[in-house]
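Notes for the one structure printed next.
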Amino acid sequence: MRYVSTRGGVAPIGFAEAVMMGLGTDGGLLVPEQTPRLDTAILRDWSRLRFQDLALEVMSPYVGDAIPRNHLAALIDRSYASFSHPEVTPVLTLGDQRLLELFHGPTAAFKDVALQFLGNLFEYLLERDGGRLNIVGATSGDTGSAAIAGVRGKARIHIFILHPEGRVSPIQERQMTTVLDANVHNIAIHGTFDDGQRIVKQLFSDLDFKHDFSLGAVNSINWARILAQMVYFFYAWGRVTAGNPDRQVSFAVPTGNFGDVFAGYMAKRMGLPVDRLIIATNRNDILSRFVHTGVYAAGEVFPTLSPAMDIQIASNFERYLYFLLGEDPTAVRGLLDDMASAGRLAVDALHHAQVRADFDALASSDQETLDQIRATYAQYGYILDPHTATGVRAAQGHADAICLATAHPAKFGEAVTLAIGSEAPPPPALQGLLEKETRCARLEASETAMRAY
């Protein structure tokens with residue numbers, strides 16, 4: 001399998017080089033040159049596999065001969081040994097609703113599924129091929145802690161994570177800043193997540209700086225993140241349908257940066273029987289507005305009770321544009337130029353019809369999010385985190401819908417307390433964080449300040 005850029009400026013490269021490159025050297029995102037297609041016999045066989053074995057099958061075509069199969073299997077097994085649930089990502093039934101619980105990893109968020117794997121993958125490639133890596137990433141909450149947990153203490157790697165000061169939950173902040181390993185560098189910026197993401201992309205776009213400082217990407221701009229997240233869509237489908245290829249399901253996906261729902265889109269492209277991919281957002285509803293209008297227009301970033309989705313510019317949206325526009329990098333660059341000059345882009349009626357065929361979308365206000373947490377708790381005694389609550393609300397009315405439960409509710413005590421009057425009991429991974437020593441730098445939200453740091 002070879003990888004190309006959404007903007008057409010990267011010659012086809014292999015999997016290992018794509019992982020280490022992160023963001024394309026032309027500023028685009030790397031995508032596979034082909035999408036493997038599955039027949040019904042393979043789908044039936046995969047539906048019976050445990051999570052780790054399924055991950056090996058899903059990933060293998062995309063990894064190709066870059067990593068021997070037995071080495072890849074060992075990487076996968078090591079990555080999910082830290083999860084507290086034997087199924088890794090179990091499916092829970094609440095009445096006629098289904099939740100895919102993705103928060104059983106070491107930081108109690110769905111990002112662990114990809115970042116435990118990516119951390120081990122980086123370590124493997126650096127030990128095999130030599131060199132060092134300075135990971136630079138921006139987080140709206142969970143990516144930072146999961147990335148840090150994936151690489152803390154690893155040889156040959158330093159990690160620099162930017163988060164918007166005061167715009168992540170106290171637990172999310174402490175999950176990052178209480179990690180005192182010498183290779184971990186936390187940075188609070190005076191700005192928004194979009195500011196942090198912009199800084200990261202600016203640094204990666206300076207190819208000399210990127211080369212001189214051996215920069216690597218851990219945000220979902222890294223293809224390996226998407227690849228690892230594709231696995232649990234196949235896993236959930238198999239658990240719900242018992243491998244019946246004639247039975248479709250829908251997935252409701254809380255998303256801000258479009259990475260998680262794009263992983264579902266790629267699974268569907270491979271042949272997974274998916275009816276609808278339902279995008280769940282909060283007040284920062286650029287993605288839901290695009291689905292309904294065909295116009296992608298940035299606006300103000302509003303702080304909400306679901307802060308991981310407080311995003312206006314969704315990185316992985318560019319990957320979807322590439323496939324929507326027939327894998328035409330010239331057309332992608334044209335729309336991105338529109339976005340850069342006018343703050344908006346629009347697709348024509350034909351392409352908008354395809355968007356509506358691929359996705360549904362619903363935005364929830366803070367009050368609607370609280371109402372959903374309260375209603376689910378009253379009916380089932382189950383506590384949703386505010387991000388998952390937007391997904392549960394968006395899933396209503398869709399038959400055979402599976403909602404991705406993206407974080408443990410204990411990470412968002414304020415929202416849960418507002419909804420049900422008390423916080424969720426914390427899992428062991430979150431206990432005692434507020435009493436631990438912290439370390440964090442504070443910078444202006446500028447490329448210059450980050451370069452100097």
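Going through the structure tokens in order, the chains are called A, B, and so on, while each chain numbers its residues from 1 and the ligands are numbered from 1 in the order shown.
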**Request:** Skip stretch 385-402 of chain A itself and residues of its chain fewer than 5 positions away, then list as JSON, numbers by chain all residues within 7 Å of it, counting only C-alpha atoms.
**Result:** {"A": [98, 99, 100, 249, 250, 251, 252, 253, 254, 278, 280, 281, 305, 306, 362, 364, 369, 372, 373, 407, 408, 409, 412, 415, 416]}
**Request:** From the DSSP assignment of the backbone, select every residue of stretch 326-377 of chain A that is alpha helix (DSSP H), and format the answer as a ChimeraX atom specification.
**Result:** /A:329-342,349-358,366-377
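Shortest separation to A:Ser214 among A:Leu133, A:Ala449, A:Val274, A:Ile279 occurs at residue A:Leu133, atoms counted being only C-alpha atoms.
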Contact residues around stretch 417-419 of chain A with only C-alpha atoms at 8 Å, ignoring same-chain residues under 4 positions, as a PDB file with C-alpha atoms, in the first residue's frame:
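The new file out03.pdb reads:
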ATOM      1  CA  LEU A 370     -27.701  18.182  29.847  1.00  0.00           C
ATOM      2  CA  ASP A 371     -31.261  17.064  29.169  1.00  0.00           C
ATOM      3  CA  ILE A 373     -27.563  13.073  30.244  1.00  0.00           C
ATOM      4  CA  ARG A 374     -30.434  13.491  32.714  1.00  0.00           C
ATOM      5  CA  GLY A 413     -17.669  16.591  36.402  1.00  0.00           C
ATOM      6  CA  GLU A 423     -20.272  13.592  39.630  1.00  0.00           C
TER       7      GLU A 423
END
**Request:** Pick out the residues sitting within 10 Å of A:Arg319, and hand them over as JSON, numbers by chain; count only C-alpha atoms, and ignore anything fewer than 4 positions along from it in its own chain.
**Result:** {"A": [5, 6, 7, 28, 29, 30, 31, 221, 258, 259, 262, 315, 323, 324, 327, 332]}
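Shortest separation to A:Gly216 among A:Asp77, A:Asp260, A:Glu173, A:Glu17 occurs at residue A:Glu17, atoms counted being only C-alpha atoms.
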Do you know which residues are at most 12 Å from A:Ser446 counting only C-alpha atoms, after dropping those on the same chain fewer than 2 positions away, and could you put them as a PDB file with N, CA, C and O atoms, in the first residue's frame?
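The resulting part-v9.pdb:
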ATOM      1  N   LEU A 162       0.175  21.215  22.914  1.00  0.00           N
ATOM      2  CA  LEU A 162      -0.440  22.511  23.164  1.00  0.00           C
ATOM      3  C   LEU A 162      -1.910  22.314  23.515  1.00  0.00           C
ATOM      4  O   LEU A 162      -2.623  21.594  22.798  1.00  0.00           O
ATOM      5  N   ALA A 188       0.406  25.403  27.699  1.00  0.00           N
ATOM      6  CA  ALA A 188      -0.912  26.046  27.669  1.00  0.00           C
ATOM      7  C   ALA A 188      -0.792  27.325  26.847  1.00  0.00           C
ATOM      8  O   ALA A 188       0.057  28.173  27.141  1.00  0.00           O
ATOM      9  N   ILE A 189      -1.607  27.443  25.804  1.00  0.00           N
ATOM     10  CA  ILE A 189      -1.563  28.646  24.969  1.00  0.00           C
ATOM     11  C   ILE A 189      -2.742  29.554  25.295  1.00  0.00           C
ATOM     12  O   ILE A 189      -3.821  29.094  25.673  1.00  0.00           O
ATOM     13  N   HIS A 190      -2.527  30.856  25.160  1.00  0.00           N
ATOM     14  CA  HIS A 190      -3.580  31.831  25.399  1.00  0.00           C
ATOM     15  C   HIS A 190      -4.403  31.959  24.114  1.00  0.00           C
ATOM     16  O   HIS A 190      -4.209  32.877  23.318  1.00  0.00           O
ATOM     17  N   GLY A 191      -5.307  31.011  23.909  1.00  0.00           N
ATOM     18  CA  GLY A 191      -6.105  31.011  22.694  1.00  0.00           C
ATOM     19  C   GLY A 191      -7.012  29.803  22.658  1.00  0.00           C
ATOM     20  O   GLY A 191      -7.320  29.212  23.693  1.00  0.00           O
ATOM     21  N   THR A 192      -7.431  29.414  21.458  1.00  0.00           N
ATOM     22  CA  THR A 192      -8.354  28.301  21.261  1.00  0.00           C
ATOM     23  C   THR A 192      -7.617  27.085  20.711  1.00  0.00           C
ATOM     24  O   THR A 192      -6.440  27.162  20.333  1.00  0.00           O
ATOM     25  N   ASP A 194      -8.238  25.822  17.837  1.00  0.00           N
ATOM     26  CA  ASP A 194      -7.937  26.139  16.447  1.00  0.00           C
ATOM     27  C   ASP A 194      -6.625  26.909  16.325  1.00  0.00           C
ATOM     28  O   ASP A 194      -5.873  26.724  15.362  1.00  0.00           O
ATOM     29  N   ASP A 195      -6.317  27.777  17.296  1.00  0.00           N
ATOM     30  CA  ASP A 195      -5.020  28.469  17.298  1.00  0.00           C
ATOM     31  C   ASP A 195      -3.881  27.454  17.421  1.00  0.00           C
ATOM     32  O   ASP A 195      -2.875  27.552  16.712  1.00  0.00           O
ATOM     33  N   GLY A 196      -4.038  26.491  18.330  1.00  0.00           N
ATOM     34  CA  GLY A 196      -3.009  25.472  18.500  1.00  0.00           C
ATOM     35  C   GLY A 196      -2.820  24.639  17.254  1.00  0.00           C
ATOM     36  O   GLY A 196      -1.688  24.355  16.829  1.00  0.00           O
ATOM     37  N   GLN A 197      -3.927  24.254  16.636  1.00  0.00           N
ATOM     38  CA  GLN A 197      -3.852  23.448  15.416  1.00  0.00           C
ATOM     39  C   GLN A 197      -3.187  24.232  14.292  1.00  0.00           C
ATOM     40  O   GLN A 197      -2.398  23.680  13.515  1.00  0.00           O
ATOM     41  N   ARG A 198      -3.485  25.535  14.225  1.00  0.00           N
ATOM     42  CA  ARG A 198      -2.851  26.391  13.208  1.00  0.00           C
ATOM     43  C   ARG A 198      -1.337  26.446  13.413  1.00  0.00           C
ATOM     44  O   ARG A 198      -0.558  26.336  12.447  1.00  0.00           O
ATOM     45  N   ILE A 199      -0.897  26.607  14.662  1.00  0.00           N
ATOM     46  CA  ILE A 199       0.536  26.662  14.959  1.00  0.00           C
ATOM     47  C   ILE A 199       1.221  25.368  14.535  1.00  0.00           C
ATOM     48  O   ILE A 199       2.289  25.380  13.909  1.00  0.00           O
ATOM     49  N   VAL A 200       0.609  24.242  14.873  1.00  0.00           N
ATOM     50  CA  VAL A 200       1.198  22.949  14.514  1.00  0.00           C
ATOM     51  C   VAL A 200       1.338  22.833  12.996  1.00  0.00           C
ATOM     52  O   VAL A 200       2.385  22.427  12.478  1.00  0.00           O
ATOM     53  N   LYS A 201       0.309  23.194  12.257  1.00  0.00           N
ATOM     54  CA  LYS A 201       0.376  23.094  10.797  1.00  0.00           C
ATOM     55  C   LYS A 201       1.413  24.049  10.215  1.00  0.00           C
ATOM     56  O   LYS A 201       2.100  23.722   9.241  1.00  0.00           O
ATOM     57  N   GLN A 202       1.562  25.244  10.821  1.00  0.00           N
ATOM     58  CA  GLN A 202       2.576  26.182  10.338  1.00  0.00           C
ATOM     59  C   GLN A 202       3.978  25.612  10.527  1.00  0.00           C
ATOM     60  O   GLN A 202       4.835  25.727   9.642  1.00  0.00           O
ATOM     61  N   LEU A 203       4.217  24.998  11.679  1.00  0.00           N
ATOM     62  CA  LEU A 203       5.535  24.407  11.924  1.00  0.00           C
ATOM     63  C   LEU A 203       5.819  23.274  10.938  1.00  0.00           C
ATOM     64  O   LEU A 203       6.932  23.149  10.416  1.00  0.00           O
ATOM     65  N   ARG A 442       3.526  28.191  29.688  1.00  0.00           N
ATOM     66  CA  ARG A 442       2.444  29.014  29.145  1.00  0.00           C
ATOM     67  C   ARG A 442       3.005  29.942  28.082  1.00  0.00           C
ATOM     68  O   ARG A 442       3.991  30.627  28.318  1.00  0.00           O
ATOM     69  N   LEU A 443       2.374  29.938  26.917  1.00  0.00           N
ATOM     70  CA  LEU A 443       2.868  30.706  25.781  1.00  0.00           C
ATOM     71  C   LEU A 443       1.734  31.458  25.102  1.00  0.00           C
ATOM     72  O   LEU A 443       0.563  31.062  25.180  1.00  0.00           O
ATOM     73  N   GLU A 444       2.099  32.523  24.411  1.00  0.00           N
ATOM     74  CA  GLU A 444       1.154  33.174  23.514  1.00  0.00           C
ATOM     75  C   GLU A 444       0.839  32.227  22.351  1.00  0.00           C
ATOM     76  O   GLU A 444       1.665  31.375  21.992  1.00  0.00           O
ATOM     77  N   THR A 448       5.725  31.987  16.330  1.00  0.00           N
ATOM     78  CA  THR A 448       7.025  32.484  16.783  1.00  0.00           C
ATOM     79  C   THR A 448       7.343  32.008  18.199  1.00  0.00           C
ATOM     80  O   THR A 448       8.461  31.561  18.472  1.00  0.00           O
ATOM     81  N   ALA A 449       6.370  32.108  19.090  1.00  0.00           N
ATOM     82  CA  ALA A 449       6.595  31.684  20.464  1.00  0.00           C
ATOM     83  C   ALA A 449       6.878  30.190  20.542  1.00  0.00           C
ATOM     84  O   ALA A 449       7.748  29.746  21.311  1.00  0.00           O
ATOM     85  N   MET A 450       6.182  29.402  19.744  1.00  0.00           N
ATOM     86  CA  MET A 450       6.378  27.962  19.772  1.00  0.00           C
ATOM     87  C   MET A 450       7.743  27.576  19.194  1.00  0.00           C
ATOM     88  O   MET A 450       8.432  26.697  19.701  1.00  0.00           O
ATOM     89  N   ARG A 451       8.159  28.263  18.116  1.00  0.00           N
ATOM     90  CA  ARG A 451       9.480  27.999  17.549  1.00  0.00           C
ATOM     91  C   ARG A 451      10.566  28.248  18.602  1.00  0.00           C
ATOM     92  O   ARG A 451      11.495  27.457  18.755  1.00  0.00           O
ATOM     93  N   ALA A 452      10.438  29.363  19.290  1.00  0.00           N
ATOM     94  CA  ALA A 452      11.445  29.715  20.295  1.00  0.00           C
ATOM     95  C   ALA A 452      11.467  28.690  21.417  1.00  0.00           C
ATOM     96  O   ALA A 452      12.542  28.304  21.906  1.00  0.00           O
ATOM     97  N   TYR A 453      10.302  28.236  21.826  1.00  0.00           N
ATOM     98  CA  TYR A 453      10.228  27.240  22.903  1.00  0.00           C
ATOM     99  C   TYR A 453      10.897  25.951  22.465  1.00  0.00           C
ATOM    100  O   TYR A 453      11.643  25.332  23.233  1.00  0.00           O
TER     101      TYR A 453
END
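Near stretch 137-140 of chain A, within a cut-off of 7 Å and counting only C-alpha atoms, sit the residues Phe160, Ile161, Leu162, His163, Val168, Phe193, Gly196, Gln197, Val200, Ala217, Val218, Asn219, Pro307 and Ala308 of chain A, with same-chain residues fewer than 5 positions away left out.
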**Asked** Among stretch 236-312 of chain A, which residues carry a DSSP assignment of strand (DSSP E or B), reported as number ranges by chain?
**Response** A: 249-254, 274-281, 295-297
Would you save the residues from that selection as a PDB file, in the first residue's frame, using N, CA, C and O atoms?
ATOM      1  N   VAL A 249     -26.011  -1.201   9.951  1.00  0.00           N
ATOM      2  CA  VAL A 249     -26.166  -0.416  11.176  1.00  0.00           C
ATOM      3  C   VAL A 249     -25.802   1.025  10.851  1.00  0.00           C
ATOM      4  O   VAL A 249     -25.195   1.319   9.809  1.00  0.00           O
ATOM      5  N   SER A 250     -26.188   1.928  11.736  1.00  0.00           N
ATOM      6  CA  SER A 250     -25.757   3.319  11.655  1.00  0.00           C
ATOM      7  C   SER A 250     -24.857   3.615  12.849  1.00  0.00           C
ATOM      8  O   SER A 250     -24.942   2.949  13.880  1.00  0.00           O
ATOM      9  N   PHE A 251     -24.011   4.616  12.707  1.00  0.00           N
ATOM     10  CA  PHE A 251     -23.132   5.035  13.794  1.00  0.00           C
ATOM     11  C   PHE A 251     -23.333   6.523  14.061  1.00  0.00           C
ATOM     12  O   PHE A 251     -23.257   7.335  13.124  1.00  0.00           O
ATOM     13  N   ALA A 252     -23.599   6.856  15.313  1.00  0.00           N
ATOM     14  CA  ALA A 252     -23.647   8.254  15.736  1.00  0.00           C
ATOM     15  C   ALA A 252     -22.309   8.587  16.375  1.00  0.00           C
ATOM     16  O   ALA A 252     -21.894   7.943  17.343  1.00  0.00           O
ATOM     17  N   VAL A 253     -21.639   9.595  15.828  1.00  0.00           N
ATOM     18  CA  VAL A 253     -20.246   9.868  16.200  1.00  0.00           C
ATOM     19  C   VAL A 253     -20.100  11.310  16.681  1.00  0.00           C
ATOM     20  O   VAL A 253     -20.177  12.241  15.876  1.00  0.00           O
ATOM     21  N   PRO A 254     -19.892  11.518  17.980  1.00  0.00           N
ATOM     22  CA  PRO A 254     -19.540  12.868  18.440  1.00  0.00           C
ATOM     23  C   PRO A 254     -18.185  13.247  17.859  1.00  0.00           C
ATOM     24  O   PRO A 254     -17.206  12.498  18.009  1.00  0.00           O
ATOM     25  N   VAL A 274     -22.836  -0.137   6.426  1.00  0.00           N
ATOM     26  CA  VAL A 274     -23.227   1.031   7.213  1.00  0.00           C
ATOM     27  C   VAL A 274     -24.328   1.770   6.473  1.00  0.00           C
ATOM     28  O   VAL A 274     -24.193   2.087   5.285  1.00  0.00           O
ATOM     29  N   ASP A 275     -25.416   2.034   7.171  1.00  0.00           N
ATOM     30  CA  ASP A 275     -26.509   2.808   6.596  1.00  0.00           C
ATOM     31  C   ASP A 275     -26.172   4.291   6.650  1.00  0.00           C
ATOM     32  O   ASP A 275     -25.945   4.935   5.630  1.00  0.00           O
ATOM     33  N   ARG A 276     -26.098   4.845   7.881  1.00  0.00           N
ATOM     34  CA  ARG A 276     -25.845   6.271   8.038  1.00  0.00           C
ATOM     35  C   ARG A 276     -24.695   6.496   9.007  1.00  0.00           C
ATOM     36  O   ARG A 276     -24.584   5.826  10.038  1.00  0.00           O
ATOM     37  N   LEU A 277     -23.862   7.456   8.706  1.00  0.00           N
ATOM     38  CA  LEU A 277     -22.884   7.996   9.641  1.00  0.00           C
ATOM     39  C   LEU A 277     -23.446   9.326  10.120  1.00  0.00           C
ATOM     40  O   LEU A 277     -23.645  10.248   9.319  1.00  0.00           O
ATOM     41  N   ILE A 278     -23.726   9.399  11.411  1.00  0.00           N
ATOM     42  CA  ILE A 278     -24.438  10.551  11.968  1.00  0.00           C
ATOM     43  C   ILE A 278     -23.443  11.404  12.741  1.00  0.00           C
ATOM     44  O   ILE A 278     -22.890  10.972  13.766  1.00  0.00           O
ATOM     45  N   ILE A 279     -23.188  12.604  12.267  1.00  0.00           N
ATOM     46  CA  ILE A 279     -22.258  13.519  12.909  1.00  0.00           C
ATOM     47  C   ILE A 279     -22.985  14.242  14.040  1.00  0.00           C
ATOM     48  O   ILE A 279     -24.012  14.886  13.819  1.00  0.00           O
ATOM     49  N   ALA A 280     -22.455  14.126  15.252  1.00  0.00           N
ATOM     50  CA  ALA A 280     -23.021  14.826  16.407  1.00  0.00           C
ATOM     51  C   ALA A 280     -22.062  15.937  16.809  1.00  0.00           C
ATOM     52  O   ALA A 280     -20.871  15.695  17.028  1.00  0.00           O
ATOM     53  N   THR A 281     -22.564  17.159  16.893  1.00  0.00           N
ATOM     54  CA  THR A 281     -21.739  18.306  17.273  1.00  0.00           C
ATOM     55  C   THR A 281     -22.435  19.102  18.359  1.00  0.00           C
ATOM     56  O   THR A 281     -23.602  18.844  18.711  1.00  0.00           O
ATOM     57  N   VAL A 295     -22.229  24.151   2.577  1.00  0.00           N
ATOM     58  CA  VAL A 295     -21.315  25.271   2.803  1.00  0.00           C
ATOM     59  C   VAL A 295     -20.525  25.017   4.084  1.00  0.00           C
ATOM     60  O   VAL A 295     -21.112  24.730   5.136  1.00  0.00           O
ATOM     61  N   TYR A 296     -19.217  25.140   3.989  1.00  0.00           N
ATOM     62  CA  TYR A 296     -18.310  24.951   5.125  1.00  0.00           C
ATOM     63  C   TYR A 296     -17.726  26.320   5.437  1.00  0.00           C
ATOM     64  O   TYR A 296     -16.888  26.843   4.695  1.00  0.00           O
ATOM     65  N   ALA A 297     -18.224  26.933   6.514  1.00  0.00           N
ATOM     66  CA  ALA A 297     -17.854  28.316   6.824  1.00  0.00           C
ATOM     67  C   ALA A 297     -17.452  28.430   8.281  1.00  0.00           C
ATOM     68  O   ALA A 297     -18.223  28.081   9.182  1.00  0.00           O
TER      69      ALA A 297
END
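In terms of minimum interatomic distance to A:Phe117, A:Val231 ranks closest within A:Gly8, A:Thr177, A:Val231, A:Ala353, counting only C-alpha atoms.
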**Prompt:** Which distance in Å separates atom CA of A:Gly22 and atom CA of A:Ile311, to one decimal?
**Reply:** 20.6 Å
**Asked** Closest to A:Met230 among A:Met270, A:Met21, A:Val355, A:Ala331, using only C-alpha atoms?
**Response** A:Met270
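Contact shell of A:Ala242 at 9 Å (only C-alpha atoms; same-chain neighbours under 6 positions omitted): Arg44, Ser47 and Arg48 of chain A.
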Output for the residues just chosen: C-alpha atoms as a compact mmCIF listing (two decimals), in the first residue's frame:
# COMPACT_ATOMS: atom_id res chain seq x y z
CA ARG A 44 -18.43 -12.92 8.39
CA SER A 47 -17.13 -10.64 12.95
CA ARG A 48 -16.01 -13.63 15.04
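The closest residue to A:His351, picked from A:Ser365, A:Asn257, A:Thr293, A:Thr330 and counting only C-alpha atoms, is A:Thr293.
The nearest approach to A:His71 among the residues A:Val19, A:Leu121, A:Ala267, A:Val58, with only C-alpha atoms taken into account, belongs to A:Leu121.
Between atom CA of A:Arg333 and atom CA of A:Phe290 lies a distance of 18.0 Å.
With atom CA of A:Glu435 on one side and atom CA of A:Val179 on the other, the separation reads 12.7 Å.
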